[in-house]
Every structure is written in C-alpha cells, then in structure tokens.
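Engineer: So here's structure.cif (mmCIF, C-alpha atoms).
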```cif
data_target
#
loop_
_atom_site.label_atom_id
_atom_site.label_comp_id
_atom_site.auth_asym_id
_atom_site.auth_seq_id
_atom_site.Cartn_x
_atom_site.Cartn_y
_atom_site.Cartn_z
CA MET A 1 73.61 5.30 31.56
CA SER A 2 71.82 3.09 29.11
CA VAL A 3 68.45 1.55 29.50
CA GLN A 4 67.83 -1.84 28.04
CA VAL A 5 64.36 -3.08 27.48
CA ALA A 6 64.06 -6.80 26.92
CA LYS A 7 61.14 -8.19 25.04
CA ALA A 8 59.42 -10.54 27.43
CA GLY A 9 55.84 -11.40 28.14
CA ALA A 10 53.11 -13.88 27.46
CA SER A 11 53.36 -15.10 23.90
CA GLU A 12 50.56 -17.59 24.07
CA THR A 13 47.53 -18.19 26.26
CA SER A 14 44.99 -20.97 26.10
CA ILE A 15 41.89 -21.99 28.02
CA HIS A 16 40.86 -25.62 28.17
CA ALA A 17 37.44 -26.55 29.54
CA VAL A 18 35.75 -29.69 30.81
CA ILE A 19 32.07 -29.62 31.75
CA HIS A 20 30.87 -31.77 34.64
CA ARG A 21 27.12 -32.15 34.58
CA ALA A 22 25.12 -32.52 37.77
CA ASP A 23 24.03 -35.97 36.56
CA GLY A 24 27.64 -37.13 36.64
CA SER A 25 28.41 -36.97 32.93
CA THR A 26 31.48 -35.19 31.58
CA GLU A 27 32.03 -33.26 28.36
CA VAL A 28 35.60 -32.46 27.33
CA LEU A 29 35.47 -29.30 25.23
CA GLY A 30 39.21 -29.03 24.67
CA ILE A 31 40.75 -25.62 24.05
CA VAL A 32 37.88 -23.14 23.96
CA ALA A 33 39.95 -19.96 23.77
CA TYR A 34 43.39 -19.34 22.33
CA TRP A 35 45.61 -16.35 21.74
CA HIS A 36 49.10 -16.16 20.28
CA LYS A 37 51.10 -13.05 19.61
CA ASN A 38 51.59 -14.30 16.07
CA PRO A 39 48.36 -13.51 14.19
CA LEU A 40 49.01 -16.35 11.76
CA LYS A 41 48.93 -18.83 14.63
CA ARG A 42 45.68 -17.29 15.87
CA LEU A 43 44.22 -17.65 12.38
CA ALA A 44 45.41 -21.25 12.20
CA PHE A 45 43.65 -22.03 15.48
CA ARG A 46 40.40 -20.47 14.26
CA LEU A 47 40.54 -22.40 11.01
CA LYS A 48 41.20 -25.60 12.90
CA LYS A 49 38.17 -24.98 15.14
CA LEU A 50 36.00 -24.17 12.11
CA LEU A 51 37.04 -27.43 10.51
CA GLY A 52 36.15 -29.31 13.65
CA GLY A 53 39.69 -29.93 14.82
CA MET B 1 72.65 -4.94 20.73
CA THR B 2 70.91 -8.08 21.88
CA ASN B 3 68.46 -8.26 24.72
CA TYR B 4 66.52 -11.25 25.87
CA VAL B 5 65.26 -13.12 28.89
CA THR B 6 67.00 -16.47 29.15
CA ASN B 7 65.16 -19.75 29.47
CA ALA B 8 66.15 -19.83 33.15
CA GLY B 9 64.73 -16.34 33.50
CA LEU B 10 61.42 -17.43 32.02
CA ALA B 11 61.25 -20.28 34.51
CA ASN B 12 61.94 -17.82 37.31
CA ILE B 13 59.10 -15.60 36.13
CA THR B 14 56.59 -18.43 36.33
CA ALA B 15 58.13 -19.67 39.60
CA ALA B 16 57.62 -16.24 41.13
CA LEU B 17 54.01 -16.15 40.00
CA VAL B 18 53.34 -19.59 41.45
CA ALA B 19 55.11 -18.74 44.73
CA ALA B 20 53.16 -15.52 45.09
CA ALA B 21 49.94 -17.54 44.80
CA ALA B 22 48.05 -14.41 43.84
CA VAL B 23 47.16 -14.96 40.20
CA LYS B 24 44.91 -17.95 40.73
CA TYR B 25 41.34 -16.82 41.43
CA LEU B 26 38.76 -17.77 38.84
CA GLY B 27 35.65 -15.88 37.87
CA TRP B 28 33.29 -16.32 34.95
CA GLY B 29 30.62 -14.40 33.16
CA THR B 30 28.14 -14.05 30.35
CA GLY B 31 29.72 -11.23 28.36
CA ALA B 32 32.40 -11.17 25.72
CA SER B 33 33.95 -7.76 25.49
CA GLY B 34 36.48 -7.56 28.29
CA THR B 35 39.46 -5.38 27.48
CA GLN B 36 43.06 -5.19 28.65
CA ALA B 37 42.36 -1.78 30.13
CA SER B 38 39.19 -2.69 32.02
CA ASN B 39 40.71 -5.58 34.03
CA ALA B 40 37.24 -6.97 34.59
CA LEU B 41 34.77 -9.45 33.19
CA THR B 42 32.13 -7.94 30.94
CA SER B 43 29.21 -9.40 32.85
CA ALA B 44 30.37 -11.42 35.84
CA SER B 45 28.19 -14.24 37.13
CA PRO B 46 27.87 -15.85 40.57
CA VAL B 47 30.31 -18.64 41.32
CA GLY B 48 30.01 -21.71 43.45
CA THR B 49 31.88 -24.65 44.87
CA SER B 50 31.06 -28.33 45.06
CA GLY B 51 27.62 -28.98 46.38
CA PRO B 52 26.77 -26.74 44.66
CA THR B 53 27.34 -24.08 47.28
CA VAL B 54 27.35 -20.36 46.62
CA ALA B 55 30.78 -18.82 47.11
CA SER B 56 31.22 -15.34 48.47
CA THR B 57 34.68 -15.18 46.93
CA ARG B 58 36.11 -16.26 43.59
CA ILE B 59 37.20 -19.85 43.17
CA SER B 60 40.80 -20.49 44.19
CA GLY B 61 42.59 -22.39 41.44
CA THR B 62 45.85 -24.27 41.63
CA PRO B 63 48.80 -22.51 39.98
CA SER B 64 51.78 -24.47 38.71
CA GLN B 65 54.66 -24.36 36.27
CA VAL B 66 54.42 -26.42 33.11
CA THR B 67 56.52 -26.67 29.99
CA THR B 68 55.34 -25.59 26.55
CA THR B 69 58.62 -24.93 24.74
CA ASN B 70 61.31 -24.33 27.33
CA THR B 71 61.37 -25.90 30.79
CA ASN B 72 58.78 -24.27 33.09
CA ASP B 73 58.07 -21.41 30.68
CA THR B 74 54.33 -21.57 31.25
CA LEU B 75 52.06 -20.59 34.13
CA GLN B 76 49.08 -22.92 34.51
CA ILE B 77 46.02 -22.38 36.67
CA VAL B 78 43.47 -25.16 37.14
CA GLY B 79 40.19 -24.64 38.91
CA THR B 80 36.58 -25.81 38.92
CA VAL B 81 33.72 -23.37 39.06
CA TYR B 82 30.20 -24.57 39.91
CA ASN B 83 26.90 -23.07 38.94
CA ALA B 84 25.24 -22.54 42.31
CA SER B 85 22.98 -19.75 41.16
CA GLY B 86 19.88 -21.92 41.40
CA GLY B 87 19.16 -21.48 37.70
CA ALA B 88 20.76 -21.75 34.29
CA LEU B 89 23.87 -19.86 33.19
CA ALA B 90 25.18 -19.27 29.67
CA ILE B 91 28.90 -18.84 30.30
CA THR B 92 30.97 -17.08 27.63
CA GLU B 93 33.97 -15.64 29.46
CA VAL B 94 36.44 -16.56 32.18
CA GLY B 95 39.06 -14.54 33.99
CA VAL B 96 41.94 -15.18 36.35
CA PHE B 97 42.16 -12.58 39.10
CA ASP B 98 44.82 -11.57 41.60
CA ALA B 99 42.38 -11.44 44.52
CA ALA B 100 39.59 -13.63 45.83
CA GLY B 101 37.21 -10.70 45.99
CA THR B 102 34.20 -10.38 48.23
CA GLY B 103 30.46 -10.05 48.14
CA GLY B 104 29.46 -13.05 46.05
CA THR B 105 25.89 -14.32 46.38
CA SER B 106 23.60 -16.61 44.36
CA SER B 107 22.74 -13.61 42.22
CA ALA B 108 25.93 -11.54 42.30
CA ALA B 109 29.55 -12.21 41.44
CA PRO B 110 32.40 -11.47 43.85
CA SER B 111 34.15 -8.19 43.16
CA GLY B 112 37.54 -6.64 43.86
CA GLY B 113 41.07 -7.20 42.62
CA ASN B 114 42.37 -7.14 39.06
CA MET B 115 41.78 -9.55 36.23
CA ASP B 116 45.10 -10.75 34.81
CA ILE B 117 44.12 -13.32 32.19
CA TYR B 118 40.91 -13.23 30.17
CA GLY B 119 39.29 -15.36 27.53
CA THR B 120 35.99 -15.62 25.71
CA PHE B 121 34.48 -18.63 24.01
CA SER B 122 31.32 -20.00 22.46
CA THR B 123 28.42 -20.21 24.91
CA ILE B 124 28.57 -23.03 27.45
CA ASN B 125 25.09 -23.66 28.85
CA LEU B 126 25.01 -24.83 32.43
CA SER B 127 22.19 -25.98 34.66
CA ASN B 128 22.29 -25.51 38.39
CA GLY B 129 24.87 -27.93 39.83
CA ASP B 130 26.89 -28.20 36.61
CA SER B 131 30.53 -27.12 36.75
CA ILE B 132 33.45 -26.36 34.47
CA THR B 133 37.05 -27.27 35.15
CA PHE B 134 39.21 -24.64 33.49
CA THR B 135 42.87 -25.18 32.67
CA ILE B 136 44.38 -21.85 31.79
CA GLN B 137 47.93 -21.53 30.50
CA ALA B 138 50.08 -18.50 29.75
CA GLN B 139 53.42 -19.13 28.09
CA PHE B 140 56.20 -16.62 28.50
CA THR B 141 58.90 -16.07 25.94
CA GLY B 142 62.05 -14.02 25.96
#
```
How would this structure read if it were set down as structure tokens?

Structural biologist:
Amino acid sequence: MSVQVAKAGASETSIHAVIHRADGSTEVLGIVAYWHKNPLKRLAFRLKKLLGG
Amino acid sequence: MTNYVTNAGLANITAALVAAAAVKYLGWGTGASGTQASNALTSASPVGTSGPTVASTRISGTPSQVTTTNTNDTLQIVGTVYNASGGALAITEVGVFDAAGTGGTSSAAPSGGNMDIYGTFSTINLSNGDSITFTIQAQFTG
C-alpha cells in the first residue's frame, strides 16, 4: 500500500482593516498584515509598505 | 509521481470551511508574539458589538468563498469588532477562532476554542466606541 501526501494548504493570508471612529469618520488602512509562503513575496510586501504603497 | 489538489478540490476545501461555519469568530489583542503552536492571542483584549456593547463571546464574522487565483480558492472572513472597554485600546493583533468562547467582560477577553488564523500589525489606537472591520483572507493552493 502506498501513501500519497499532496501538498495543500494556505499559501497566502492577508488582513485588511478599516477603522470606524465613534464620531462617524472612517479610515481605510488597507492590508495591515500579509503572509505568503514565498519569502520573496513577503519581502516585496514589506518593501511596498515601507515605500508607502 | 505527481500529487496535487485540483482547483475543484481547493474550492471544496473552502466550501467545507464556510459550510461548517466554525472558523469565523474574531478576537483581538495588544500583543504581537502569537505562535502556530500556542493557538492563542498574545494578549487578548475585550471585544464589543455595535453600541458599543460589551460582548461575552467573540465577534461572529461572516465567512465566504472568494477567488484569488482559481475559482473559490480563498476563505474570507469579515467582521467588525468594537472597543467597548470604556477606555482606549492599542490593538496590534487579530485572530480568527473556531469557537465563540465565553467569559468576555469590559476588562477581559472571551476565552476557549482554538485560534486558526493570526496576524499582527502596526498599532491601531482606538477610543471607546471606535471599531475595526477586518477582512481576513486565506488562499489555498494545491
């Protein structure tokens, strides 16, 4: 009997946030947290955030 | 030998998660060192609903399937968490849990269940009555 293990799982997660102030104003923060299984993509996201993207 | 989960299989994975309606409860906190093994926020904070009203359980988000690369390959949870603590909060972490938990008060976070998705971010300062709508996505690939 053979056992096959397929590679499957979350490859990317992101968290987007919007603040709603009690005074009724709204602040869209965009993606505040990001993870990708590819470290180069994680680095690219960090660089983009550092550059204000 | 080639092994993979097909695109249809990925859609079925997210469909099952949405149908189960378990991975949808939002909690937040003021820490930043949650780990895969701990399954918990570093420093969980009280949560609230519109009002703001203190919630004894975590906030129930809305899970759905969305498409990132292949049709319905991504699980999305959307939920709004209010600061009903009566004071300021400096939020730096959020987690999606598989249970609503119990025991939440204006000074204590609900507890119980396992955290399934976790993220940290730069401090978001909230006054009492402020809220954050989180949109959390996890893409699955084969």

Engineer: Show me the residues around (30.6, -17.4, 38.6) - criterion: an atom at most 9 Å away, all atoms listed in the file counted - as a ChimeraX atom specification.

Structural biologist: /B:26-29,44-48,55,58-59,81-85,89,91,94,104,108-110

Engineer: How close does chain B get to chain A? List, as JSON lines, each residue of chain B within 10 Å, its nearest atom pair and the distance in Å to one decimal, counting all atoms listed in the file.

Structural biologist:
```
{"residue": "B:Met1", "atom": "CA", "partner": "A:Gln4", "partner_atom": "CA", "distance": 9.3}
{"residue": "B:Thr2", "atom": "CA", "partner": "A:Ala6", "partner_atom": "CA", "distance": 8.6}
{"residue": "B:Asn3", "atom": "CA", "partner": "A:Ala6", "partner_atom": "CA", "distance": 5.1}
{"residue": "B:Tyr4", "atom": "CA", "partner": "A:Ala6", "partner_atom": "CA", "distance": 5.2}
{"residue": "B:Val5", "atom": "CA", "partner": "A:Ala8", "partner_atom": "CA", "distance": 6.5}
{"residue": "B:Thr6", "atom": "CA", "partner": "A:Ala8", "partner_atom": "CA", "distance": 9.8}
{"residue": "B:Gly9", "atom": "CA", "partner": "A:Ala8", "partner_atom": "CA", "distance": 9.9}
{"residue": "B:Leu10", "atom": "CA", "partner": "A:Ala8", "partner_atom": "CA", "distance": 8.5}
{"residue": "B:Ile13", "atom": "CA", "partner": "A:Gly9", "partner_atom": "CA", "distance": 9.6}
{"residue": "B:Gly51", "atom": "CA", "partner": "A:Ala22", "partner_atom": "CA", "distance": 9.6}
{"residue": "B:Pro52", "atom": "CA", "partner": "A:Ala22", "partner_atom": "CA", "distance": 9.1}
{"residue": "B:Thr68", "atom": "CA", "partner": "A:Glu12", "partner_atom": "CA", "distance": 9.6}
{"residue": "B:Asp73", "atom": "CA", "partner": "A:Ala10", "partner_atom": "CA", "distance": 9.6}
{"residue": "B:Thr74", "atom": "CA", "partner": "A:Ala10", "partner_atom": "CA", "distance": 8.7}
{"residue": "B:Leu75", "atom": "CA", "partner": "A:Thr13", "partner_atom": "CA", "distance": 9.4}
{"residue": "B:Gln76", "atom": "CA", "partner": "A:Ser14", "partner_atom": "CA", "distance": 9.6}
{"residue": "B:Ile77", "atom": "CA", "partner": "A:Ile15", "partner_atom": "CA", "distance": 9.6}
{"residue": "B:Val78", "atom": "CA", "partner": "A:His16", "partner_atom": "CA", "distance": 9.4}
{"residue": "B:Gly79", "atom": "CA", "partner": "A:Ala17", "partner_atom": "CA", "distance": 10.0}
{"residue": "B:Thr80", "atom": "CA", "partner": "A:Val18", "partner_atom": "CA", "distance": 9.0}
{"residue": "B:Val81", "atom": "CA", "partner": "A:Ile19", "partner_atom": "CA", "distance": 9.8}
{"residue": "B:Tyr82", "atom": "CA", "partner": "A:His20", "partner_atom": "CA", "distance": 8.9}
{"residue": "B:Asn83", "atom": "CA", "partner": "A:Ala22", "partner_atom": "CA", "distance": 9.7}
{"residue": "B:Thr92", "atom": "CA", "partner": "A:Val32", "partner_atom": "CA", "distance": 9.9}
{"residue": "B:Glu93", "atom": "CA", "partner": "A:Ala33", "partner_atom": "CA", "distance": 9.3}
{"residue": "B:Val94", "atom": "CA", "partner": "A:Ile15", "partner_atom": "CA", "distance": 8.7}
{"residue": "B:Gly95", "atom": "CA", "partner": "A:Ile15", "partner_atom": "CA", "distance": 10.0}
{"residue": "B:Ile117", "atom": "CA", "partner": "A:Thr13", "partner_atom": "CA", "distance": 8.4}
{"residue": "B:Tyr118", "atom": "CA", "partner": "A:Ile15", "partner_atom": "CA", "distance": 9.1}
{"residue": "B:Gly119", "atom": "CA", "partner": "A:Ala33", "partner_atom": "CA", "distance": 6.0}
{"residue": "B:Thr120", "atom": "CA", "partner": "A:Ala33", "partner_atom": "CA", "distance": 6.2}
{"residue": "B:Phe121", "atom": "CA", "partner": "A:Ala33", "partner_atom": "CA", "distance": 5.6}
{"residue": "B:Ser122", "atom": "CA", "partner": "A:Val32", "partner_atom": "CA", "distance": 7.4}
{"residue": "B:Thr123", "atom": "CA", "partner": "A:Val32", "partner_atom": "CA", "distance": 9.9}
{"residue": "B:Ile124", "atom": "CA", "partner": "A:Ile19", "partner_atom": "CA", "distance": 8.6}
{"residue": "B:Asn125", "atom": "CA", "partner": "A:Ile19", "partner_atom": "CA", "distance": 9.6}
{"residue": "B:Leu126", "atom": "CA", "partner": "A:Arg21", "partner_atom": "CA", "distance": 7.9}
{"residue": "B:Ser127", "atom": "CA", "partner": "A:Ala22", "partner_atom": "CA", "distance": 7.8}
{"residue": "B:Asn128", "atom": "CA", "partner": "A:Ala22", "partner_atom": "CA", "distance": 7.6}
{"residue": "B:Gly129", "atom": "CA", "partner": "A:Ala22", "partner_atom": "CA", "distance": 5.0}
{"residue": "B:Asp130", "atom": "CA", "partner": "A:Arg21", "partner_atom": "CA", "distance": 4.4}
{"residue": "B:Ser131", "atom": "CA", "partner": "A:His20", "partner_atom": "CA", "distance": 5.1}
{"residue": "B:Ile132", "atom": "CA", "partner": "A:Ile19", "partner_atom": "CA", "distance": 4.5}
{"residue": "B:Thr133", "atom": "CA", "partner": "A:Val18", "partner_atom": "CA", "distance": 5.1}
{"residue": "B:Phe134", "atom": "CA", "partner": "A:Ala17", "partner_atom": "CA", "distance": 4.7}
{"residue": "B:Thr135", "atom": "CA", "partner": "A:His16", "partner_atom": "CA", "distance": 4.9}
{"residue": "B:Ile136", "atom": "CA", "partner": "A:Ile15", "partner_atom": "CA", "distance": 4.5}
{"residue": "B:Gln137", "atom": "CA", "partner": "A:Ser14", "partner_atom": "CA", "distance": 5.3}
{"residue": "B:Ala138", "atom": "CA", "partner": "A:Thr13", "partner_atom": "CA", "distance": 4.3}
{"residue": "B:Gln139", "atom": "CA", "partner": "A:Glu12", "partner_atom": "CA", "distance": 5.2}
{"residue": "B:Phe140", "atom": "CA", "partner": "A:Ala10", "partner_atom": "CA", "distance": 4.3}
{"residue": "B:Thr141", "atom": "CA", "partner": "A:Ala8", "partner_atom": "CA", "distance": 5.8}
{"residue": "B:Gly142", "atom": "CA", "partner": "A:Ala8", "partner_atom": "CA", "distance": 4.6}
```

Engineer: So how many Å separate atom CA of Thr49 of chain B and atom CA of Gly112 of chain B, to one decimal?

Structural biologist: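 These two atoms are separated by 18.9 Å.
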
Engineer: Could you tell me which of B:Thr57, B:Asn7, B:Thr69, B:Ser43 comes closest to Ala90 of chain B if we count all atoms listed in the file?

Structural biologist: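 Closest candidate: B:Ser43.
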
Engineer: Can you tell me how far atom CA of Ala100 of chain B sits from atom CA of Ala40 of chain B, in Å to one decimal?

Structural biologist: 13.3 Å

Engineer: Would you translate the PyMOL selection byres ((chain B and resi 21) around 10) into the concrete set of residues it matches in this file, as a PyMOL selection string?

Structural biologist: chain B and resi 15-20+22-25+60-64+98-99

Engineer: Just give me the gap between atom CA of Gly34 of chain B and atom CA of Val96 of chain B in Å, one decimal is fine.

Structural biologist: 12.4 Å

Engineer: For Ser106 of chain B, which of B:Ala88, B:Ala32, B:Val54, B:Val66 is the closest residue, counting only C-alpha atoms?

Structural biologist: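 Closest residue, counting only C-alpha atoms: B:Val54.
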
Engineer: As JSON, what would the box around segment 25-34 of chain A look like: edges along x, y and z, 4 Å added on every side, centre and edge lengths in Å to one decimal?

Structural biologist:
```
{"center_x": 35.9, "center_y": -28.2, "center_z": 27.6, "size_x": 23.0, "size_y": 25.6, "size_z": 18.6}
```
